[in-house]
file coords_18.cif (mmCIF, C-alpha atoms)
data_work
#
loop_
_atom_site.label_atom_id
_atom_site.label_comp_id
_atom_site.auth_asym_id
_atom_site.auth_seq_id
_atom_site.Cartn_x
_atom_site.Cartn_y
_atom_site.Cartn_z
CA MET Q 1 124.91 69.76 98.81
CA LEU Q 2 126.83 72.98 99.36
CA ALA Q 3 125.03 74.62 96.46
CA ALA Q 4 121.66 73.53 97.85
CA ALA Q 5 122.54 74.82 101.32
CA ALA Q 6 123.69 78.13 99.86
CA GLY Q 7 120.45 78.38 97.91
CA LEU Q 8 118.34 77.74 100.99
CA GLN Q 9 120.35 80.34 102.93
CA VAL Q 10 119.40 82.94 100.34
CA TYR Q 11 115.84 81.72 99.76
CA LEU Q 12 114.44 81.11 103.26
CA PRO Q 13 115.21 84.57 104.77
CA ARG Q 14 113.41 86.13 101.80
CA VAL Q 15 110.43 83.81 102.20
CA ALA Q 16 110.21 84.53 105.94
CA ALA Q 17 110.48 88.28 105.40
CA GLY Q 18 107.83 88.09 102.67
CA ALA Q 19 105.41 86.17 104.91
CA ILE Q 20 105.85 88.70 107.74
CA HIS Q 21 105.40 91.56 105.28
CA ALA Q 22 102.14 89.97 104.07
CA ALA Q 23 100.90 89.51 107.65
CA VAL Q 24 101.64 93.17 108.43
CA ALA Q 25 99.82 94.29 105.28
CA ALA Q 26 96.79 92.14 106.18
CA ASN Q 27 96.58 93.40 109.77
CA LEU Q 28 97.79 97.00 109.52
CA HIS Q 29 96.88 97.78 105.90
CA THR Q 30 100.27 99.36 105.36
CA LYS Q 31 103.66 98.39 103.99
CA ALA Q 32 106.61 97.32 106.09
CA SER Q 33 110.35 96.97 105.58
CA VAL Q 34 111.32 93.51 106.89
CA THR Q 35 114.64 91.66 107.07
CA VAL Q 36 115.21 88.25 108.67
CA GLN Q 37 118.60 86.75 109.53
CA GLY Q 38 119.65 83.29 110.66
CA PRO Q 39 120.84 79.89 109.41
CA PHE Q 40 118.34 78.25 107.07
CA TRP Q 41 117.91 75.24 109.42
CA LEU Q 42 116.67 77.60 112.13
CA LEU Q 43 114.43 79.58 109.79
CA ALA Q 44 112.82 76.38 108.51
CA GLY Q 45 111.50 75.81 112.05
CA GLY Q 46 110.31 79.36 112.63
CA ARG Q 47 113.37 80.47 114.60
CA PHE Q 48 115.62 83.40 113.71
CA GLU Q 49 118.72 85.17 114.98
CA ARG Q 50 117.48 88.65 114.14
CA LEU Q 51 114.32 90.22 112.73
CA ASP Q 52 114.19 93.92 111.86
CA MET Q 53 111.02 95.69 110.80
CA VAL Q 54 109.96 99.30 110.17
CA VAL Q 55 106.28 100.22 109.71
CA GLY Q 56 104.89 103.62 108.71
CA ARG Q 57 101.59 105.23 109.70
CA SER Q 58 99.15 102.56 110.82
CA THR Q 59 96.34 101.66 113.19
CA TYR Q 60 96.59 98.40 115.10
CA GLN Q 61 94.00 97.24 117.63
CA GLY Q 62 92.62 100.79 117.70
CA PHE Q 63 96.01 102.38 118.47
CA ARG Q 64 97.24 104.93 115.93
CA LEU Q 65 100.97 105.00 115.25
CA ARG Q 66 103.09 107.42 113.29
CA THR Q 67 105.92 104.89 112.94
CA ALA Q 68 107.03 101.65 114.59
CA SER Q 69 110.41 99.93 114.44
CA LEU Q 70 111.31 96.47 115.75
CA ASP Q 71 114.67 94.88 116.66
CA TRP Q 72 114.05 91.25 117.64
CA ARG Q 73 116.78 88.71 118.47
CA ASP Q 74 116.66 84.93 118.98
CA GLY Q 75 112.89 84.55 118.77
CA SER Q 76 110.58 81.89 117.38
CA ILE Q 77 107.18 82.20 115.66
CA ASP Q 78 104.48 79.80 114.47
CA LEU Q 79 105.01 79.39 110.72
CA GLY Q 80 101.61 77.77 110.23
CA GLN Q 81 99.74 80.77 111.63
CA LEU Q 82 102.09 83.15 109.86
CA ALA Q 83 101.07 81.59 106.55
CA GLY Q 84 97.49 82.41 107.50
CA GLY Q 85 98.32 86.05 108.13
CA GLN Q 86 98.62 85.84 111.93
CA LEU Q 87 101.70 86.33 114.09
CA ARG Q 88 101.92 83.96 117.08
CA VAL Q 89 105.07 84.00 119.19
CA LEU Q 90 106.49 80.69 120.45
CA SER Q 91 109.64 82.10 122.06
CA PRO Q 92 109.99 85.87 122.76
CA GLY Q 93 113.79 86.05 122.73
CA ARG Q 94 115.14 89.58 123.16
CA LEU Q 95 113.01 92.32 121.70
CA ARG Q 96 113.01 96.12 121.46
CA LEU Q 97 110.12 97.99 119.90
CA ARG Q 98 109.97 101.75 119.31
CA LEU Q 99 106.54 103.33 118.82
CA VAL Q 100 106.07 106.95 117.77
CA VAL Q 101 102.69 108.43 118.69
CA GLY Q 102 101.53 111.72 117.17
CA GLN Q 103 100.54 114.79 119.18
CA GLY Q 104 96.79 114.29 118.59
CA ALA Q 105 96.61 110.83 120.17
CA LEU Q 106 98.98 111.86 122.96
CA ALA Q 107 96.91 114.98 123.69
CA GLN Q 108 93.77 112.91 124.20
CA ALA Q 109 95.55 110.51 126.57
CA VAL Q 110 97.16 113.31 128.61
CA ALA Q 111 93.93 115.30 128.81
CA ALA Q 112 91.98 112.25 130.01
CA GLY Q 113 94.57 111.53 132.70
CA PHE Q 114 94.78 115.17 133.73
CA ARG Q 115 91.02 115.37 134.33
CA GLN Q 116 91.45 112.88 137.19
CA ALA Q 117 92.98 115.71 139.25
CA PHE Q 118 89.85 117.87 139.00
CA PRO Q 119 87.05 117.78 141.60
CA SER Q 120 84.13 115.62 140.50
CA ALA Q 121 81.88 118.71 140.24
CA ALA Q 122 84.30 120.56 137.96
CA THR Q 123 83.81 120.86 134.22
CA ASP Q 124 86.45 121.64 131.65
CA SER Q 125 87.02 121.92 127.92
CA MET Q 126 89.56 119.93 125.94
CA PRO Q 127 92.92 121.57 126.76
CA VAL Q 128 95.39 122.65 124.13
CA VAL Q 129 98.37 120.28 124.36
CA VAL Q 130 101.77 121.21 122.94
CA VAL Q 131 104.57 118.63 122.82
CA THR Q 132 108.20 119.72 122.51
CA PRO Q 133 111.46 117.83 123.16
CA ARG Q 134 111.65 119.62 126.52
CA ASP Q 135 108.16 119.12 128.00
CA ILE Q 136 104.41 118.86 127.49
CA THR Q 137 102.27 121.95 128.11
CA LEU Q 138 98.52 121.94 128.76
CA ARG Q 139 96.52 125.15 128.51
CA GLY Q 140 92.81 125.49 129.17
CA SER Q 141 90.21 126.34 131.80
CA VAL Q 142 88.18 124.50 134.40
CA THR Q 143 84.92 125.68 135.95
CA PHE Q 144 84.18 124.88 139.59
CA LEU Q 145 81.22 126.36 141.51
CA ASP Q 146 80.50 128.51 138.43
CA VAL Q 147 83.95 130.07 138.64
CA PRO Q 148 86.16 129.57 135.56
CA VAL Q 149 89.86 129.17 136.30
CA ARG Q 150 92.45 129.23 133.55
CA TYR Q 151 95.53 127.06 133.84
CA SER Q 152 98.83 126.52 132.09
CA ILE Q 153 100.69 123.39 133.16
CA ALA Q 154 104.06 122.09 132.00
CA GLY Q 155 105.13 118.56 132.77
CA SER Q 156 106.95 115.45 131.67
CA LEU Q 157 106.15 111.76 131.30
CA VAL Q 158 107.44 109.11 133.72
CA LEU Q 159 107.19 105.32 133.86
CA GLN Q 160 105.52 103.58 136.80
CA ASP Q 161 104.59 100.07 137.92
CA GLY Q 162 107.60 98.40 136.32
CA GLY Q 163 106.98 100.01 132.95
CA ARG Q 164 103.30 99.09 132.75
CA VAL Q 165 102.04 102.66 133.26
CA LEU Q 166 103.02 105.97 131.65
CA ALA Q 167 102.13 108.98 133.82
CA PHE Q 168 102.07 112.77 133.41
CA LYS Q 169 104.13 114.54 136.08
CA ALA Q 170 103.36 118.26 136.45
CA LYS Q 171 106.26 120.66 136.96
CA ASP Q 172 104.45 123.93 137.53
CA LEU Q 173 101.06 125.63 137.50
CA ASN Q 174 101.07 129.25 136.38
CA ASN Q 175 104.73 129.44 137.45
CA SER Q 176 103.93 128.08 140.92
CA ALA Q 177 104.83 124.71 142.43
CA LEU Q 178 102.07 122.19 141.87
CA HIS Q 179 101.76 119.38 144.40
CA MET Q 180 100.03 116.78 142.28
CA PRO Q 181 100.96 113.10 142.03
CA PRO Q 182 101.84 111.73 138.58
CA LEU Q 183 98.61 111.02 136.70
CA PRO Q 184 98.37 107.82 134.59
CA VAL Q 185 97.78 108.60 130.92
CA LEU Q 186 98.71 105.36 129.14
CA ARG Q 187 98.85 101.72 130.26
CA MET Q 188 100.44 98.74 128.58
CA GLN Q 189 97.00 97.25 127.92
CA ASP Q 190 96.25 100.36 125.83
CA LEU Q 191 99.10 99.48 123.46
CA PRO Q 192 98.91 96.85 120.68
CA ARG Q 193 99.30 93.27 121.89
CA ILE Q 194 100.73 90.17 120.22
CA GLN Q 195 99.85 86.66 121.40
CA GLY Q 196 102.69 85.11 123.39
CA LEU Q 197 104.69 88.34 123.70
CA PRO Q 198 104.52 90.01 127.15
CA LEU Q 199 105.92 93.54 126.90
CA HIS Q 200 106.59 96.55 129.12
CA MET Q 201 107.70 100.13 128.54
CA VAL Q 202 111.37 100.83 129.23
CA GLY Q 203 111.74 104.44 128.05
CA VAL Q 204 109.95 107.53 126.74
CA ARG Q 205 111.28 110.43 124.73
CA LEU Q 206 109.47 113.63 123.83
CA LEU Q 207 109.83 114.79 120.23
CA ARG Q 208 108.49 117.88 118.52
CA GLY Q 209 104.80 117.11 118.18
CA ALA Q 210 105.19 113.43 119.05
CA LEU Q 211 106.19 110.87 121.67
CA ALA Q 212 108.56 107.92 121.21
CA ILE Q 213 107.88 104.92 123.48
CA SER Q 214 110.49 102.17 123.85
CA VAL Q 215 109.04 98.75 124.66
CA ALA Q 216 110.92 95.57 125.56
CA GLY Q 217 110.21 91.87 125.80
CA PRO Q 218 110.78 89.89 129.02
CA ALA Q 219 114.37 88.89 128.23
CA SER Q 220 115.28 92.56 127.67
CA ALA Q 221 114.16 93.73 131.09
CA SER Q 222 117.44 92.97 132.87
CA ALA Q 223 119.34 95.17 130.42
CA GLN Q 224 117.36 98.29 131.40
#
call {"tool": "encode", "arguments": {"input": "coords_18.cif", "output": "structure tokens"}}
result
Amino acid sequence: MLAAAAGLQVYLPRVAAGAIHAAVAANLHTKASVTVQGPFWLLAGGRFERLDMVVGRSTYQGFRLRTASLDWRDGSIDLGQLAGGQLRVLSPGRLRLRLVVGQGALAQAVAAGFRQAFPSAATDSMPVVVVTPRDITLRGSVTFLDVPVRYSIAGSLVLQDGGRVLAFKAKDLNNSALHMPPLPVLRMQDLPRIQGLPLHMVGVRLLRGALAISVAGPASASAQ
């Protein structure tokens, strides 16, 4: 009996990790590093103590990611659907997800949000967006009443609406104070979704040429 239990303890985490890896490959068309931990009697029912996963460049539900890493504790998933290549969450547990978005995708989101500040009659070209660990800078021009006006705006990203909205907050305009409210650039519904797993953003960090977004499950909210 002890030998059988020891064998299951080795075998089932590998099977679970392999099934999740296959589901990721089927949905994201990329490889993932997956580890699953927990007693075999929990794993046999789709429950786990910890699930760690790292995924490289991928596109999921139209959202392009540079990398994604997952730290998931005390969750439960539907093994039947997992065998069919789908991930359905039965119990969310405590979850932290880190998404890294490249400068190109971030530039489009920021530019679209920034255009909301322009008068409806104004026209503009796609601004040049530069992302550094310190701030985000937009440079371009806007034409209003046939008068072109160049701008250079530095700003940061802030969370709003309980982590459901990411907004661009301007810090200056041509070295002058800019009185503009934070402009929404990314909403939770824009991010990939998993059935049975309500999520919200809990942190953002600017990188050189990229943005890291930290996302949490419902049981993680009180810790932030």
call {"tool": "resolve_selection", "arguments": {"input": "coords_18.cif", "expression": "the PyMOL selection byres ((chain Q and resi 69-81) around 8)", "output": "PyMOL selection string"}}
result
chain Q and resi 45-55+67-68+82-99
call {"tool": "closest_residue", "arguments": {"input": "coords_18.cif", "among": "Q:Leu65, Q:Val215, Q:Ala154, Q:Val34", "to": "Q:Leu106", "atoms": "all atoms listed in the file"}}
result
Q:Leu65
call {"tool": "closest_residue", "arguments": {"input": "coords_18.cif", "among": "Q:His200, Q:Arg139, Q:Arg193, Q:Arg208", "to": "Q:Asp161", "atoms": "only C-alpha atoms"}}
result
Q:His200
call {"tool": "atom_distance", "arguments": {"input": "coords_18.cif", "atom1": "atom CA of Q:Ala216", "atom2": "atom CA of Q:Leu159"}}
result
13.3 Å
call {"tool": "closest_residue", "arguments": {"input": "coords_18.cif", "among": "Q:Leu197, Q:Val110, Q:Leu206, Q:Ile153", "to": "Q:Pro218", "atoms": "only C-alpha atoms"}}
result
Q:Leu197
call {"tool": "atom_distance", "arguments": {"input": "coords_18.cif", "atom1": "atom CA of Q:Val130", "atom2": "atom CA of Q:Arg205"}}
result
14.5 Å
call {"tool": "closest_residue", "arguments": {"input": "coords_18.cif", "among": "Q:Ala19, Q:Ala109, Q:Ala44, Q:Ala170", "to": "Q:Leu211", "atoms": "only C-alpha atoms"}}
result
Q:Ala109
call {"tool": "axis_aligned_box", "arguments": {"input": "coords_18.cif", "around": "stretch 27-45 of chain Q", "padding_each_side": "6 Å", "output": "AutoDock Vina command-line options"}}
result
--center_x 108.7 --center_y 87.3 --center_z 108.1 --size_x 36.3 --size_y 36.1 --size_z 20.1
call {"tool": "residues_around", "arguments": {"input": "coords_18.cif", "residues": "Q:Phe63", "least_positions_apart": "3", "cutoff": "12 Å", "atoms": "all atoms listed in the file", "output": "list in words"}}
result
Leu28, Arg57, Ser58, Thr59, Tyr60, Arg66, Thr67, Ala68, Leu99, Val100, Val101, Gly102, Gly104, Ala105, Leu106, Ala109, Leu186, Met188, Gln189, Asp190, Leu191, Pro192 and Arg193 of chain Q
call {"tool": "build_atoms", "arguments": {"input": "coords_18.cif", "residues": "stretch 118-146 of chain Q", "atoms": "N, CA and C atoms", "output": "PDB file, in the frame of the given file"}}
result
ATOM      1  N   PHE Q 118      90.881 116.876 138.745  1.00  0.00           N
ATOM      2  CA  PHE Q 118      89.850 117.870 139.000  1.00  0.00           C
ATOM      3  C   PHE Q 118      88.814 117.326 139.981  1.00  0.00           C
ATOM      4  N   PRO Q 119      88.181 118.213 140.764  1.00  0.00           N
ATOM      5  CA  PRO Q 119      87.050 117.780 141.600  1.00  0.00           C
ATOM      6  C   PRO Q 119      85.943 117.206 140.730  1.00  0.00           C
ATOM      7  N   SER Q 120      85.165 116.292 141.284  1.00  0.00           N
ATOM      8  CA  SER Q 120      84.130 115.620 140.500  1.00  0.00           C
ATOM      9  C   SER Q 120      83.083 116.604 139.968  1.00  0.00           C
ATOM     10  N   ALA Q 121      82.886 117.734 140.669  1.00  0.00           N
ATOM     11  CA  ALA Q 121      81.880 118.710 140.240  1.00  0.00           C
ATOM     12  C   ALA Q 121      82.425 119.692 139.204  1.00  0.00           C
ATOM     13  N   ALA Q 122      83.689 119.606 138.890  1.00  0.00           N
ATOM     14  CA  ALA Q 122      84.300 120.560 137.960  1.00  0.00           C
ATOM     15  C   ALA Q 122      84.026 120.129 136.517  1.00  0.00           C
ATOM     16  N   THR Q 123      83.950 121.112 135.651  1.00  0.00           N
ATOM     17  CA  THR Q 123      83.810 120.860 134.220  1.00  0.00           C
ATOM     18  C   THR Q 123      84.929 121.581 133.489  1.00  0.00           C
ATOM     19  N   ASP Q 124      85.363 121.006 132.381  1.00  0.00           N
ATOM     20  CA  ASP Q 124      86.450 121.640 131.650  1.00  0.00           C
ATOM     21  C   ASP Q 124      86.288 121.346 130.169  1.00  0.00           C
ATOM     22  N   SER Q 125      86.988 122.132 129.358  1.00  0.00           N
ATOM     23  CA  SER Q 125      87.020 121.920 127.920  1.00  0.00           C
ATOM     24  C   SER Q 125      88.304 121.176 127.581  1.00  0.00           C
ATOM     25  N   MET Q 126      88.361 120.640 126.377  1.00  0.00           N
ATOM     26  CA  MET Q 126      89.560 119.930 125.940  1.00  0.00           C
ATOM     27  C   MET Q 126      90.740 120.892 125.937  1.00  0.00           C
ATOM     28  N   PRO Q 127      91.794 120.635 126.720  1.00  0.00           N
ATOM     29  CA  PRO Q 127      92.920 121.570 126.760  1.00  0.00           C
ATOM     30  C   PRO Q 127      93.730 121.532 125.473  1.00  0.00           C
ATOM     31  N   VAL Q 128      94.422 122.607 125.222  1.00  0.00           N
ATOM     32  CA  VAL Q 128      95.390 122.650 124.130  1.00  0.00           C
ATOM     33  C   VAL Q 128      96.674 122.012 124.642  1.00  0.00           C
ATOM     34  N   VAL Q 129      97.172 121.005 123.944  1.00  0.00           N
ATOM     35  CA  VAL Q 129      98.370 120.280 124.360  1.00  0.00           C
ATOM     36  C   VAL Q 129      99.467 120.508 123.330  1.00  0.00           C
ATOM     37  N   VAL Q 130     100.617 120.965 123.806  1.00  0.00           N
ATOM     38  CA  VAL Q 130     101.770 121.210 122.940  1.00  0.00           C
ATOM     39  C   VAL Q 130     102.918 120.322 123.417  1.00  0.00           C
ATOM     40  N   VAL Q 131     103.482 119.552 122.486  1.00  0.00           N
ATOM     41  CA  VAL Q 131     104.570 118.630 122.820  1.00  0.00           C
ATOM     42  C   VAL Q 131     105.859 119.124 122.184  1.00  0.00           C
ATOM     43  N   THR Q 132     106.885 119.329 122.993  1.00  0.00           N
ATOM     44  CA  THR Q 132     108.200 119.720 122.510  1.00  0.00           C
ATOM     45  C   THR Q 132     109.225 118.739 123.083  1.00  0.00           C
ATOM     46  N   PRO Q 133     110.445 118.721 122.579  1.00  0.00           N
ATOM     47  CA  PRO Q 133     111.460 117.830 123.160  1.00  0.00           C
ATOM     48  C   PRO Q 133     111.760 118.099 124.624  1.00  0.00           C
ATOM     49  N   ARG Q 134     111.355 119.268 125.126  1.00  0.00           N
ATOM     50  CA  ARG Q 134     111.650 119.620 126.520  1.00  0.00           C
ATOM     51  C   ARG Q 134     110.543 119.205 127.473  1.00  0.00           C
ATOM     52  N   ASP Q 135     109.265 119.449 127.102  1.00  0.00           N
ATOM     53  CA  ASP Q 135     108.160 119.120 128.000  1.00  0.00           C
ATOM     54  C   ASP Q 135     106.844 119.094 127.240  1.00  0.00           C
ATOM     55  N   ILE Q 136     105.781 118.818 127.996  1.00  0.00           N
ATOM     56  CA  ILE Q 136     104.410 118.860 127.490  1.00  0.00           C
ATOM     57  C   ILE Q 136     103.690 119.980 128.232  1.00  0.00           C
ATOM     58  N   THR Q 137     103.001 120.843 127.500  1.00  0.00           N
ATOM     59  CA  THR Q 137     102.270 121.950 128.110  1.00  0.00           C
ATOM     60  C   THR Q 137     100.784 121.808 127.829  1.00  0.00           C
ATOM     61  N   LEU Q 138      99.978 121.949 128.880  1.00  0.00           N
ATOM     62  CA  LEU Q 138      98.520 121.940 128.760  1.00  0.00           C
ATOM     63  C   LEU Q 138      97.998 123.315 129.105  1.00  0.00           C
ATOM     64  N   ARG Q 139      97.144 123.852 128.257  1.00  0.00           N
ATOM     65  CA  ARG Q 139      96.520 125.150 128.510  1.00  0.00           C
ATOM     66  C   ARG Q 139      95.015 125.020 128.307  1.00  0.00           C
ATOM     67  N   GLY Q 140      94.257 125.551 129.276  1.00  0.00           N
ATOM     68  CA  GLY Q 140      92.810 125.490 129.170  1.00  0.00           C
ATOM     69  C   GLY Q 140      92.166 126.153 130.363  1.00  0.00           C
ATOM     70  N   SER Q 141      90.914 125.786 130.648  1.00  0.00           N
ATOM     71  CA  SER Q 141      90.210 126.340 131.800  1.00  0.00           C
ATOM     72  C   SER Q 141      89.301 125.271 132.388  1.00  0.00           C
ATOM     73  N   VAL Q 142      89.072 125.397 133.688  1.00  0.00           N
ATOM     74  CA  VAL Q 142      88.180 124.500 134.400  1.00  0.00           C
ATOM     75  C   VAL Q 142      87.205 125.345 135.210  1.00  0.00           C
ATOM     76  N   THR Q 143      85.938 124.935 135.216  1.00  0.00           N
ATOM     77  CA  THR Q 143      84.920 125.680 135.950  1.00  0.00           C
ATOM     78  C   THR Q 143      84.482 124.878 137.167  1.00  0.00           C
ATOM     79  N   PHE Q 144      84.565 125.519 138.339  1.00  0.00           N
ATOM     80  CA  PHE Q 144      84.180 124.880 139.590  1.00  0.00           C
ATOM     81  C   PHE Q 144      83.362 125.874 140.391  1.00  0.00           C
ATOM     82  N   LEU Q 145      82.149 125.472 140.798  1.00  0.00           N
ATOM     83  CA  LEU Q 145      81.220 126.360 141.510  1.00  0.00           C
ATOM     84  C   LEU Q 145      80.971 127.627 140.696  1.00  0.00           C
ATOM     85  N   ASP Q 146      80.798 127.432 139.385  1.00  0.00           N
ATOM     86  CA  ASP Q 146      80.500 128.510 138.430  1.00  0.00           C
ATOM     87  C   ASP Q 146      81.630 129.521 138.287  1.00  0.00           C
TER      88      ASP Q 146
END
